[in-house]
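A.B. asks: Here you go, upload38.tsv (TSV, C-alpha atoms):
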chain	number	residue	atom	x	y	z
S	1	MET	CA	0.00	0.00	0.00
S	2	ALA	CA	1.33	3.41	-0.88
S	3	GLY	CA	2.19	5.70	1.98
S	4	SER	CA	0.49	8.96	2.81
S	5	LEU	CA	3.54	11.14	3.41
S	6	GLU	CA	4.77	12.00	-0.06
S	7	PHE	CA	7.94	13.90	-0.90
S	8	ILE	CA	7.19	16.91	-3.09
S	9	THR	CA	10.36	18.91	-3.51
S	10	SER	CA	13.62	20.06	-2.02
S	11	ALA	CA	15.38	23.40	-2.28
S	12	SER	CA	18.75	24.55	-1.06
S	13	GLY	CA	21.01	27.57	-1.14
S	14	THR	CA	24.50	28.68	-0.15
S	15	SER	CA	25.38	32.24	0.95
S	16	VAL	CA	21.89	33.47	0.24
S	17	SER	CA	19.79	36.10	2.00
S	18	SER	CA	16.63	34.10	1.34
S	19	LEU	CA	15.46	30.84	-0.17
S	20	SER	CA	12.26	30.40	-2.14
S	21	VAL	CA	10.52	27.05	-2.48
S	22	THR	CA	8.23	27.63	-5.43
S	23	ASP	CA	5.15	25.69	-6.50
S	24	CYS	CA	5.36	23.24	-3.61
S	25	PHE	CA	1.68	23.72	-2.72
S	26	SER	CA	-1.08	22.51	-5.00
S	27	VAL	CA	-4.59	21.17	-5.10
S	28	ASP	CA	-3.17	17.69	-4.49
S	29	TYR	CA	-2.75	18.16	-0.72
S	30	ASP	CA	-4.40	20.09	2.10
S	31	VAL	CA	-1.64	19.56	4.66
S	32	TYR	CA	2.14	19.71	4.21
S	33	TYR	CA	5.16	18.86	6.33
S	34	VAL	CA	8.26	21.02	5.97
S	35	SER	CA	11.61	19.90	7.35
S	36	ILE	CA	14.88	21.79	7.61
S	37	THR	CA	17.80	19.70	8.76
S	38	LYS	CA	20.64	21.75	7.40
S	39	ALA	CA	20.95	25.50	7.88
S	40	ASP	CA	23.59	27.86	9.17
S	41	LEU	CA	23.40	31.61	9.58
S	42	THR	CA	25.93	34.44	9.63
S	43	SER	CA	24.23	36.27	12.52
S	44	GLN	CA	22.69	35.09	15.76
S	45	SER	CA	19.02	35.73	15.22
S	46	TRP	CA	15.67	34.18	14.54
S	47	GLY	CA	16.89	32.26	11.54
S	48	ILE	CA	13.84	30.51	10.22
S	49	GLY	CA	11.09	32.87	9.21
S	50	PHE	CA	9.09	32.79	6.04
S	51	ARG	CA	6.48	34.37	3.84
S	52	TYR	CA	4.04	32.61	1.57
S	53	LEU	CA	4.20	33.04	-2.18
S	54	ASP	CA	1.08	33.96	-4.10
S	55	THR	CA	-0.10	32.53	-7.42
S	56	GLY	CA	2.19	34.88	-9.28
S	57	GLY	CA	5.19	33.75	-7.24
S	58	SER	CA	5.39	37.04	-5.33
S	59	GLU	CA	5.90	37.03	-1.58
S	60	VAL	CA	2.96	37.98	0.60
S	61	SER	CA	4.40	40.77	2.73
S	62	SER	CA	1.29	42.45	4.08
S	63	ALA	CA	0.91	42.79	7.87
S	64	ILE	CA	-1.34	39.73	8.18
S	65	TYR	CA	0.83	37.20	10.04
S	66	ASP	CA	0.11	36.18	13.65
S	67	GLU	CA	2.47	34.00	15.62
S	68	ALA	CA	3.18	32.61	19.09
S	69	THR	CA	6.44	30.90	20.01
S	70	LEU	CA	7.27	29.08	23.23
S	71	ASP	CA	11.05	29.25	23.73
S	72	LEU	CA	12.49	26.22	25.50
S	73	LEU	CA	15.96	27.22	26.71
S	74	SER	CA	18.58	24.95	28.24
S	75	TYR	CA	20.30	27.86	30.01
S	76	SER	CA	17.45	30.07	31.23
S	77	ALA	CA	13.75	30.25	32.00
S	78	PHE	CA	11.42	29.45	29.14
S	79	GLY	CA	10.24	32.45	27.17
S	80	GLU	CA	7.24	33.59	25.18
S	81	ASP	CA	7.34	35.48	21.92
S	82	LYS	CA	4.21	36.87	20.33
S	83	LEU	CA	3.49	38.72	17.13
S	84	THR	CA	0.27	40.01	15.63
S	85	ASN	CA	-0.11	41.64	12.25
S	86	ALA	CA	3.53	41.02	11.37
S	87	THR	CA	4.83	40.98	7.82
S	88	LYS	CA	6.11	37.39	8.00
S	89	GLN	CA	6.24	34.29	10.15
S	90	THR	CA	9.34	35.17	12.10
S	91	ARG	CA	10.35	32.93	14.98
S	92	PHE	CA	10.29	29.32	13.92
S	93	SER	CA	13.91	28.64	14.93
S	94	TYR	CA	16.76	30.55	16.56
S	95	PHE	CA	20.33	30.34	15.26
S	96	THR	CA	23.84	30.92	16.51
S	97	THR	CA	26.61	32.44	14.42
S	98	ALA	CA	28.71	29.30	14.59
S	99	THR	CA	28.95	27.50	11.31
S	100	SER	CA	28.45	23.80	10.83
S	101	VAL	CA	26.12	23.57	13.81
S	102	GLY	CA	22.92	22.93	11.90
S	103	THR	CA	19.39	22.78	13.23
S	104	GLY	CA	16.30	20.64	13.29
S	105	VAL	CA	13.04	22.27	12.26
S	106	GLY	CA	9.77	20.64	11.35
S	107	PHE	CA	6.38	22.21	10.86
S	108	TYR	CA	3.04	21.55	9.25
S	109	VAL	CA	1.25	23.94	6.90
S	110	PHE	CA	-2.53	23.69	6.63
S	111	ASN	CA	-4.69	24.84	3.71
S	112	PRO	CA	-2.13	26.97	1.85
S	113	TYR	CA	-3.78	26.35	-1.51
S	114	ASP	CA	-7.35	26.85	-0.28
S	115	SER	CA	-8.54	30.28	-1.39
S	116	SER	CA	-11.38	30.24	1.15
S	117	SER	CA	-9.30	29.54	4.26
S	118	TYR	CA	-6.52	31.17	6.20
S	119	THR	CA	-3.17	29.40	6.00
S	120	PHE	CA	-2.11	27.88	9.33
S	121	SER	CA	1.23	26.49	10.50
S	122	GLN	CA	2.47	24.78	13.62
S	123	GLY	CA	5.70	23.05	14.50
S	124	GLN	CA	8.81	22.84	16.58
S	125	SER	CA	12.54	23.19	16.38
S	126	SER	CA	15.76	22.39	18.17
S	127	ALA	CA	18.70	24.67	17.57
S	128	VAL	CA	21.73	26.15	19.31
S	129	GLY	CA	22.12	29.84	20.13
S	130	ASN	CA	25.30	31.42	21.49
S	131	SER	CA	24.23	30.55	25.05
S	132	GLY	CA	22.98	27.03	24.48
S	133	LEU	CA	20.04	25.03	23.29
S	134	VAL	CA	17.00	26.91	22.01
S	135	GLY	CA	13.97	24.79	21.30
S	136	THR	CA	10.69	26.17	20.06
S	137	LYS	CA	7.05	25.23	19.90
S	138	VAL	CA	5.39	27.58	17.48
S	139	ILE	CA	2.07	28.36	15.82
S	140	GLY	CA	1.34	30.80	13.03
S	141	VAL	CA	-1.52	32.05	10.91
S	142	CYS	CA	-1.49	34.02	7.68
S	143	LYS	CA	-4.83	35.83	7.94
S	144	GLN	CA	-5.59	35.93	4.27
S	145	SER	CA	-8.05	33.68	2.47
S	146	ALA	CA	-6.01	33.18	-0.65
S	147	THR	CA	-4.12	30.61	-2.66
S	148	HIS	CA	-0.48	30.26	-1.69
S	149	THR	CA	1.86	28.31	-3.93
S	150	GLY	CA	5.14	28.32	-2.04
S	151	LEU	CA	7.38	29.58	0.72
S	152	LYS	CA	10.16	32.12	0.93
S	153	PHE	CA	12.51	31.64	3.90
S	154	LEU	CA	14.34	34.65	5.25
S	155	PRO	CA	16.16	35.29	8.54
S	156	ASP	CA	15.77	38.31	10.78
S	157	LEU	CA	19.46	39.13	10.39
S	158	GLY	CA	22.32	37.97	8.24
S	159	THR	CA	22.38	35.45	5.46
S	160	TYR	CA	22.25	31.71	5.23
S	161	ASP	CA	25.65	30.09	4.88
S	162	ASN	CA	23.60	27.19	3.71
S	163	ILE	CA	20.03	25.99	3.94
S	164	THR	CA	18.15	22.95	2.70
S	165	VAL	CA	14.36	22.62	2.87
S	166	ASN	CA	12.25	19.54	2.14
S	167	VAL	CA	8.49	19.67	1.58
S	168	TYR	CA	6.15	16.70	1.88
S	169	GLY	CA	2.45	16.32	1.28
S	170	VAL	CA	0.26	14.52	3.82
S	171	LYS	CA	-2.22	12.66	1.63
J	1	MET	CA	9.01	1.56	-1.97
J	2	ALA	CA	5.84	1.73	0.07
J	3	GLY	CA	5.62	4.59	2.53
J	4	SER	CA	5.39	4.37	6.29
J	5	LEU	CA	2.43	6.66	6.99
J	6	ILE	CA	-0.62	4.60	6.07
J	7	LYS	CA	-4.14	6.04	5.88
J	8	ILE	CA	-6.61	3.93	7.86
J	9	ASP	CA	-9.78	5.98	8.08
J	10	GLU	CA	-11.10	9.37	7.04
J	11	GLU	CA	-14.25	11.37	7.75
J	12	ILE	CA	-15.00	14.38	5.58
J	13	VAL	CA	-17.70	16.52	7.16
J	14	THR	CA	-19.72	18.69	4.80
J	15	SER	CA	-22.87	19.18	6.89
J	16	ALA	CA	-23.53	19.42	10.59
J	17	VAL	CA	-22.77	16.32	12.69
J	18	ALA	CA	-22.67	15.93	16.45
J	19	SER	CA	-19.42	13.95	16.42
J	20	VAL	CA	-16.82	12.31	14.24
J	21	THR	CA	-15.49	8.80	14.81
J	22	LEU	CA	-12.19	7.52	13.49
J	23	GLY	CA	-11.41	3.83	13.78
J	24	GLY	CA	-14.05	1.58	15.30
J	25	ALA	CA	-14.98	-0.92	12.62
J	26	ASN	CA	-12.20	0.51	10.44
J	27	TRP	CA	-9.51	0.22	13.11
J	28	ASP	CA	-6.32	-1.60	12.11
J	29	SER	CA	-4.57	-2.94	15.20
J	30	SER	CA	-1.27	-3.65	13.48
J	31	TYR	CA	0.33	-0.35	14.50
J	32	ASP	CA	1.92	0.87	17.72
J	33	VAL	CA	1.58	4.55	16.85
J	34	TYR	CA	-1.22	6.39	15.03
J	35	MET	CA	-1.55	9.92	13.74
J	36	VAL	CA	-4.76	11.94	13.57
J	37	LYS	CA	-4.93	14.91	11.23
J	38	MET	CA	-7.61	17.57	11.73
J	39	ASN	CA	-7.97	19.98	8.85
J	40	ASN	CA	-10.12	23.06	8.37
J	41	VAL	CA	-12.59	22.13	11.13
J	42	GLN	CA	-15.47	24.53	11.63
J	43	THR	CA	-18.56	24.34	13.82
J	44	ASP	CA	-22.02	25.84	13.87
J	45	TYR	CA	-21.37	27.82	17.02
J	46	THR	CA	-21.77	31.55	16.44
J	47	GLY	CA	-22.54	32.75	19.94
J	48	GLY	CA	-19.41	34.79	20.45
J	49	GLY	CA	-18.34	32.98	23.63
J	50	TYR	CA	-16.05	30.15	24.48
J	51	GLN	CA	-16.85	26.56	23.62
J	52	PHE	CA	-14.70	23.45	23.49
J	53	THR	CA	-13.64	20.61	21.24
J	54	TYR	CA	-13.26	17.23	22.93
J	55	LEU	CA	-11.84	13.77	22.29
J	56	ARG	CA	-12.75	10.40	23.74
J	57	VAL	CA	-11.19	7.02	23.04
J	58	LEU	CA	-13.18	4.07	21.75
J	59	THR	CA	-13.30	0.62	23.31
J	60	GLY	CA	-15.01	-1.95	21.16
J	61	GLY	CA	-16.14	0.92	18.98
J	62	VAL	CA	-17.87	2.72	21.86
J	63	ALA	CA	-16.75	6.13	23.13
J	64	GLN	CA	-15.59	5.86	26.73
J	65	THR	CA	-17.26	8.35	29.06
J	66	ASP	CA	-15.64	7.35	32.34
J	67	ALA	CA	-13.70	9.92	34.37
J	68	ASN	CA	-10.25	8.57	33.51
J	69	TYR	CA	-8.82	11.20	31.23
J	70	ASP	CA	-5.86	13.29	32.38
J	71	PHE	CA	-4.43	16.01	30.20
J	72	ALA	CA	-2.11	19.00	30.23
J	73	TYR	CA	-1.06	21.45	27.60
J	74	LYS	CA	0.37	24.86	27.01
J	75	ALA	CA	-1.85	27.28	25.15
J	76	LEU	CA	0.11	29.62	22.90
J	77	LEU	CA	-1.65	32.90	22.16
J	78	ALA	CA	-0.39	35.48	19.72
J	79	PRO	CA	-1.61	38.60	21.54
J	80	ILE	CA	-1.42	37.75	25.27
J	81	ALA	CA	0.44	35.64	27.86
J	82	PHE	CA	0.47	31.92	27.29
J	83	GLN	CA	-1.74	29.78	29.50
J	84	ASN	CA	-1.65	26.34	31.06
J	85	ALA	CA	-4.62	24.00	30.83
J	86	SER	CA	-4.87	20.71	32.69
J	87	ALA	CA	-7.25	18.30	34.37
J	88	THR	CA	-7.26	14.94	36.10
J	89	ASN	CA	-10.07	12.43	36.13
J	90	SER	CA	-11.93	14.26	33.42
J	91	THR	CA	-14.55	12.58	31.26
J	92	SER	CA	-12.82	13.65	28.04
J	93	PHE	CA	-9.69	15.19	26.64
J	94	THR	CA	-10.13	18.85	25.72
J	95	ILE	CA	-8.52	19.45	22.34
J	96	ASN	CA	-8.99	23.19	22.49
J	97	GLN	CA	-10.30	25.35	25.24
J	98	SER	CA	-11.52	28.33	23.38
J	99	GLY	CA	-14.44	29.30	21.25
J	100	MET	CA	-13.55	29.20	17.59
J	101	GLU	CA	-14.50	27.83	14.21
J	102	GLY	CA	-17.45	30.14	13.86
J	103	SER	CA	-18.76	31.58	10.66
J	104	THR	CA	-16.07	34.20	10.23
J	105	THR	CA	-14.13	33.67	7.05
J	106	GLY	CA	-10.94	31.74	7.50
J	107	GLU	CA	-11.44	30.62	11.07
J	108	SER	CA	-10.82	26.92	11.57
J	109	LEU	CA	-9.07	24.35	13.70
J	110	ASN	CA	-6.07	22.50	12.30
J	111	GLY	CA	-3.87	20.06	14.12
J	112	ILE	CA	-1.97	16.83	14.49
J	113	MET	CA	-2.32	14.25	17.25
J	114	TYR	CA	-0.29	11.10	17.83
J	115	LEU	CA	-1.84	8.12	19.61
J	116	PHE	CA	0.31	5.61	21.47
J	117	ASN	CA	-0.26	2.18	22.95
J	118	PHE	CA	-3.92	1.94	21.93
J	119	ASN	CA	-3.77	-1.80	21.25
J	120	ASN	CA	-2.20	-2.76	24.56
J	121	ALA	CA	-4.96	-4.02	26.89
J	122	SER	CA	-2.70	-4.10	29.93
J	123	GLU	CA	-1.42	-0.52	29.81
J	124	TYR	CA	-2.74	3.01	29.42
J	125	SER	CA	-3.29	4.79	26.11
J	126	PHE	CA	-1.49	8.07	25.48
J	127	GLY	CA	-1.71	10.93	23.04
J	128	THR	CA	0.08	14.12	22.09
J	129	LEU	CA	-1.49	17.22	20.60
J	130	GLU	CA	-0.34	20.13	18.49
J	131	ASN	CA	-2.92	22.41	16.96
J	132	VAL	CA	-3.50	25.94	15.72
J	133	PHE	CA	-6.73	27.85	15.32
J	134	VAL	CA	-8.37	31.27	15.30
J	135	THR	CA	-10.98	32.06	17.91
J	136	TYR	CA	-14.36	33.68	17.36
J	137	ALA	CA	-12.68	36.95	18.40
J	138	GLY	CA	-10.00	36.60	15.77
J	139	THR	CA	-7.30	35.57	18.24
J	140	THR	CA	-4.60	33.22	16.98
J	141	MET	CA	-4.08	30.33	19.38
J	142	GLY	CA	-2.54	26.88	19.50
J	143	ASN	CA	-2.09	24.09	22.02
J	144	ASN	CA	0.87	21.80	22.69
J	145	GLY	CA	0.45	18.98	25.16
J	146	GLY	CA	-0.84	15.52	25.76
J	147	PHE	CA	-3.30	13.21	27.44
J	148	VAL	CA	-3.52	9.79	29.01
J	149	LYS	CA	-6.49	7.48	29.43
J	150	THR	CA	-5.75	5.96	32.80
J	151	THR	CA	-7.48	2.68	32.13
J	152	ALA	CA	-5.65	-0.51	31.27
J	153	GLU	CA	-7.68	-1.35	28.20
J	154	ALA	CA	-7.33	-1.67	24.45
J	155	ASN	CA	-8.76	1.22	22.45
J	156	ASN	CA	-9.76	1.08	18.80
J	157	GLY	CA	-10.29	4.67	17.78
J	158	VAL	CA	-11.31	8.13	18.83
J	159	GLN	CA	-14.44	10.25	18.87
J	160	ILE	CA	-14.18	14.01	18.37
J	161	TYR	CA	-17.07	16.28	19.24
J	162	TYR	CA	-17.94	19.86	20.10
J	163	SER	CA	-19.64	21.41	23.10
J	164	SER	CA	-23.09	20.11	23.92
J	165	GLY	CA	-25.76	21.47	21.68
J	166	TYR	CA	-23.42	22.39	18.86
J	167	ASN	CA	-22.14	20.57	15.80
J	168	ILE	CA	-19.11	20.16	13.64
J	169	ASP	CA	-20.10	21.82	10.38
J	170	SER	CA	-17.16	20.96	8.19
J	171	GLY	CA	-13.65	19.59	8.21
J	172	THR	CA	-11.53	16.60	7.34
J	173	PHE	CA	-10.43	14.10	9.98
J	174	THR	CA	-7.90	11.47	8.98
J	175	LEU	CA	-6.42	8.52	10.89
J	176	TYR	CA	-3.03	7.11	9.89
J	177	GLY	CA	-0.91	4.25	11.14
J	178	LEU	CA	2.87	4.56	11.42
J	179	LYS	CA	4.25	1.45	9.84
J	180	LYS	CA	7.24	-0.23	11.48
When written as structure tokens, how does the structure in this file appear?
C.D. replies:
Amino acid sequence: MAGSLEFITSASGTSVSSLSVTDCFSVDYDVYYVSITKADLTSQSWGIGFRYLDTGGSEVSSAIYDEATLDLLSYSAFGEDKLTNATKQTRFSYFTTATSVGTGVGFYVFNPYDSSSYTFSQGQSSAVGNSGLVGTKVIGVCKQSATHTGLKFLPDLGTYDNITVNVYGVK
Amino acid sequence: MAGSLIKIDEEIVTSAVASVTLGGANWDSSYDVYMVKMNNVQTDYTGGGYQFTYLRVLTGGVAQTDANYDFAYKALLAPIAFQNASATNSTSFTINQSGMEGSTTGESLNGIMYLFNFNNASEYSFGTLENVFVTYAGTTMGNNGGFVKTTAEANNGVQIYYSSGYNIDSGTFTLYGLKK
């Protein structure tokens, strides 16, 4: 019997300020799983943020993104980060400046291609900041009932030394 | 090569129903871990207050109503401080604790749950929850946590339902098995 988690596409970049994963969403799936197992950043910052791409391939940059992130820190009390009406999903994973450290990020995207629904996301990450482990539990909503065809990843600061993104459909 | 996430059951709701059942007669006991996907779930509640979505496990295809559900989760809210929600000896597992899924465009519940140990009659059944939704007031929320059914029994599915007197209007509920 065929499985229900189906690989769609992979994208990667080296020394890039952003990475677009185009045409990864379609009518074929309602729910997607996105994994990032290789990424390094030139600045310590919230390294995994993203915007959705519209049907023309342009990034959706309006102030319509809500987000809540629970920060699980190995070296300090847990933290809370909240955003409403932001211009992107911002705090899906935190990065150190050290190279060759990597990260582990996984999140689901719900209804990106459905023009009558908001696009939801939720996931978690494990990464290393300059002070130690930074894990996250995160939710996000793009409050726009529109068709989204892809993702554009961009950090708060710096550029990606490298980044690789895999997208799967949950059939 | 065959995949490892195998669809077992699916309920697509297009008109009002009091509850949704996954498994039961369609349950496949050959898995240790199951995944439940909830997608674009909306209800007929439009009252502007807070209502709840619940889960119960099935035994022999029957939803269990005994007071043996414990749960705890962290509620993540975009505009205000996060909250803790928990209970012991409850008669159900509360999937989300806030009114939502009303008629406002775009509002819906979406989430993933994993079910563990459901086929083991001599131990408890466990579950984890991650979801995201928009409340009737337009607030972005999500829950991360888990539950346990503190009864040593085999379970063969789950029932998902909304607060008494209200219905699930639409949504897709899918049960998968994680193949070893």
A.B. asks: If we count all atoms listed in the file, which residues of chain J reach to within 9 Å of chain S? Please list them as a PDB file with C-alpha atoms, keeping the file's coordinate frame.
C.D. replies:
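Generated output (part.pdb):
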ATOM      1  CA  MET J   1       9.010   1.560  -1.970  1.00  0.00           C
ATOM      2  CA  ALA J   2       5.840   1.730   0.070  1.00  0.00           C
ATOM      3  CA  GLY J   3       5.620   4.590   2.530  1.00  0.00           C
ATOM      4  CA  SER J   4       5.390   4.370   6.290  1.00  0.00           C
ATOM      5  CA  LEU J   5       2.430   6.660   6.990  1.00  0.00           C
ATOM      6  CA  ILE J   6      -0.620   4.600   6.070  1.00  0.00           C
ATOM      7  CA  LYS J   7      -4.140   6.040   5.880  1.00  0.00           C
ATOM      8  CA  LYS J  37      -4.930  14.910  11.230  1.00  0.00           C
ATOM      9  CA  ASN J  39      -7.970  19.980   8.850  1.00  0.00           C
ATOM     10  CA  ASN J  40     -10.120  23.060   8.370  1.00  0.00           C
ATOM     11  CA  LYS J  74       0.370  24.860  27.010  1.00  0.00           C
ATOM     12  CA  LEU J  76       0.110  29.620  22.900  1.00  0.00           C
ATOM     13  CA  LEU J  77      -1.650  32.900  22.160  1.00  0.00           C
ATOM     14  CA  ALA J  78      -0.390  35.480  19.720  1.00  0.00           C
ATOM     15  CA  PRO J  79      -1.610  38.600  21.540  1.00  0.00           C
ATOM     16  CA  ILE J  80      -1.420  37.750  25.270  1.00  0.00           C
ATOM     17  CA  ALA J  81       0.440  35.640  27.860  1.00  0.00           C
ATOM     18  CA  PHE J  82       0.470  31.920  27.290  1.00  0.00           C
ATOM     19  CA  THR J 105     -14.130  33.670   7.050  1.00  0.00           C
ATOM     20  CA  GLY J 106     -10.940  31.740   7.500  1.00  0.00           C
ATOM     21  CA  GLU J 107     -11.440  30.620  11.070  1.00  0.00           C
ATOM     22  CA  SER J 108     -10.820  26.920  11.570  1.00  0.00           C
ATOM     23  CA  LEU J 109      -9.070  24.350  13.700  1.00  0.00           C
ATOM     24  CA  ASN J 110      -6.070  22.500  12.300  1.00  0.00           C
ATOM     25  CA  GLY J 111      -3.870  20.060  14.120  1.00  0.00           C
ATOM     26  CA  ILE J 112      -1.970  16.830  14.490  1.00  0.00           C
ATOM     27  CA  GLU J 130      -0.340  20.130  18.490  1.00  0.00           C
ATOM     28  CA  ASN J 131      -2.920  22.410  16.960  1.00  0.00           C
ATOM     29  CA  VAL J 132      -3.500  25.940  15.720  1.00  0.00           C
ATOM     30  CA  PHE J 133      -6.730  27.850  15.320  1.00  0.00           C
ATOM     31  CA  VAL J 134      -8.370  31.270  15.300  1.00  0.00           C
ATOM     32  CA  THR J 139      -7.300  35.570  18.240  1.00  0.00           C
ATOM     33  CA  THR J 140      -4.600  33.220  16.980  1.00  0.00           C
ATOM     34  CA  MET J 141      -4.080  30.330  19.380  1.00  0.00           C
ATOM     35  CA  GLY J 142      -2.540  26.880  19.500  1.00  0.00           C
ATOM     36  CA  ASN J 143      -2.090  24.090  22.020  1.00  0.00           C
ATOM     37  CA  ASN J 144       0.870  21.800  22.690  1.00  0.00           C
ATOM     38  CA  TYR J 176      -3.030   7.110   9.890  1.00  0.00           C
TER      39      TYR J 176
END
A.B. asks: Give me the residues near S:Gly56 as a PDB file with C-alpha atoms, in the coordinates of the input, where near means some atom within 12 Å (using all atoms listed in the file) and where sequence neighbours in that chain fewer than 2 positions away do not count.
C.D. replies:
ATOM      1  CA  THR S  22       8.230  27.630  -5.430  1.00  0.00           C
ATOM      2  CA  ASP S  23       5.150  25.690  -6.500  1.00  0.00           C
ATOM      3  CA  TYR S  52       4.040  32.610   1.570  1.00  0.00           C
ATOM      4  CA  LEU S  53       4.200  33.040  -2.180  1.00  0.00           C
ATOM      5  CA  ASP S  54       1.080  33.960  -4.100  1.00  0.00           C
ATOM      6  CA  SER S  58       5.390  37.040  -5.330  1.00  0.00           C
ATOM      7  CA  GLU S  59       5.900  37.030  -1.580  1.00  0.00           C
ATOM      8  CA  VAL S  60       2.960  37.980   0.600  1.00  0.00           C
ATOM      9  CA  THR S 147      -4.120  30.610  -2.660  1.00  0.00           C
ATOM     10  CA  HIS S 148      -0.480  30.260  -1.690  1.00  0.00           C
ATOM     11  CA  THR S 149       1.860  28.310  -3.930  1.00  0.00           C
ATOM     12  CA  GLY S 150       5.140  28.320  -2.040  1.00  0.00           C
TER      13      GLY S 150
END
A.B. asks: Taking only C-alpha atoms into account, name the residue in S:Val128, S:Ile163, S:Leu72, S:Leu151 that is nearest to S:Ser45.
C.D. replies: S:Val128
A.B. asks: Could you jot down the atom CA of S:Val105 to atom CA of S:Ser20 separation for me, Å, one decimal place?
C.D. replies: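 Taking atom CA of S:Val105 as the start and atom CA of S:Ser20 as the end point, the length is 16.6 Å.
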A.B. asks: Please indicate the distance in Å from atom CA of J:Met113 to atom CA of J:Tyr34, rounded to one decimal place.
C.D. replies: 8.2 Å
A.B. asks: I'd like the interatomic distance between atom CA of S:Ser62 and atom CA of S:Ser35, to a tenth of an Å.
C.D. replies: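 Atom CA of S:Ser62 sits 25.0 Å away from atom CA of S:Ser35.
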A.B. asks: Pick from J:Leu178, J:Val57, J:Ala87, J:Leu22: nearest to J:Phe71, with only C-alpha atoms counted?
C.D. replies: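 Once distances to J:Phe71 are computed over only C-alpha atoms, the minimum belongs to J:Ala87.
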A.B. asks: Write out as a PyMOL selection string each polymer residue whose atoms come within 8 Å of J:Ile12, counting only C-alpha atoms; drop sequence neighbours fewer than 6 positions from it.
C.D. replies: chain J and resi 170-173
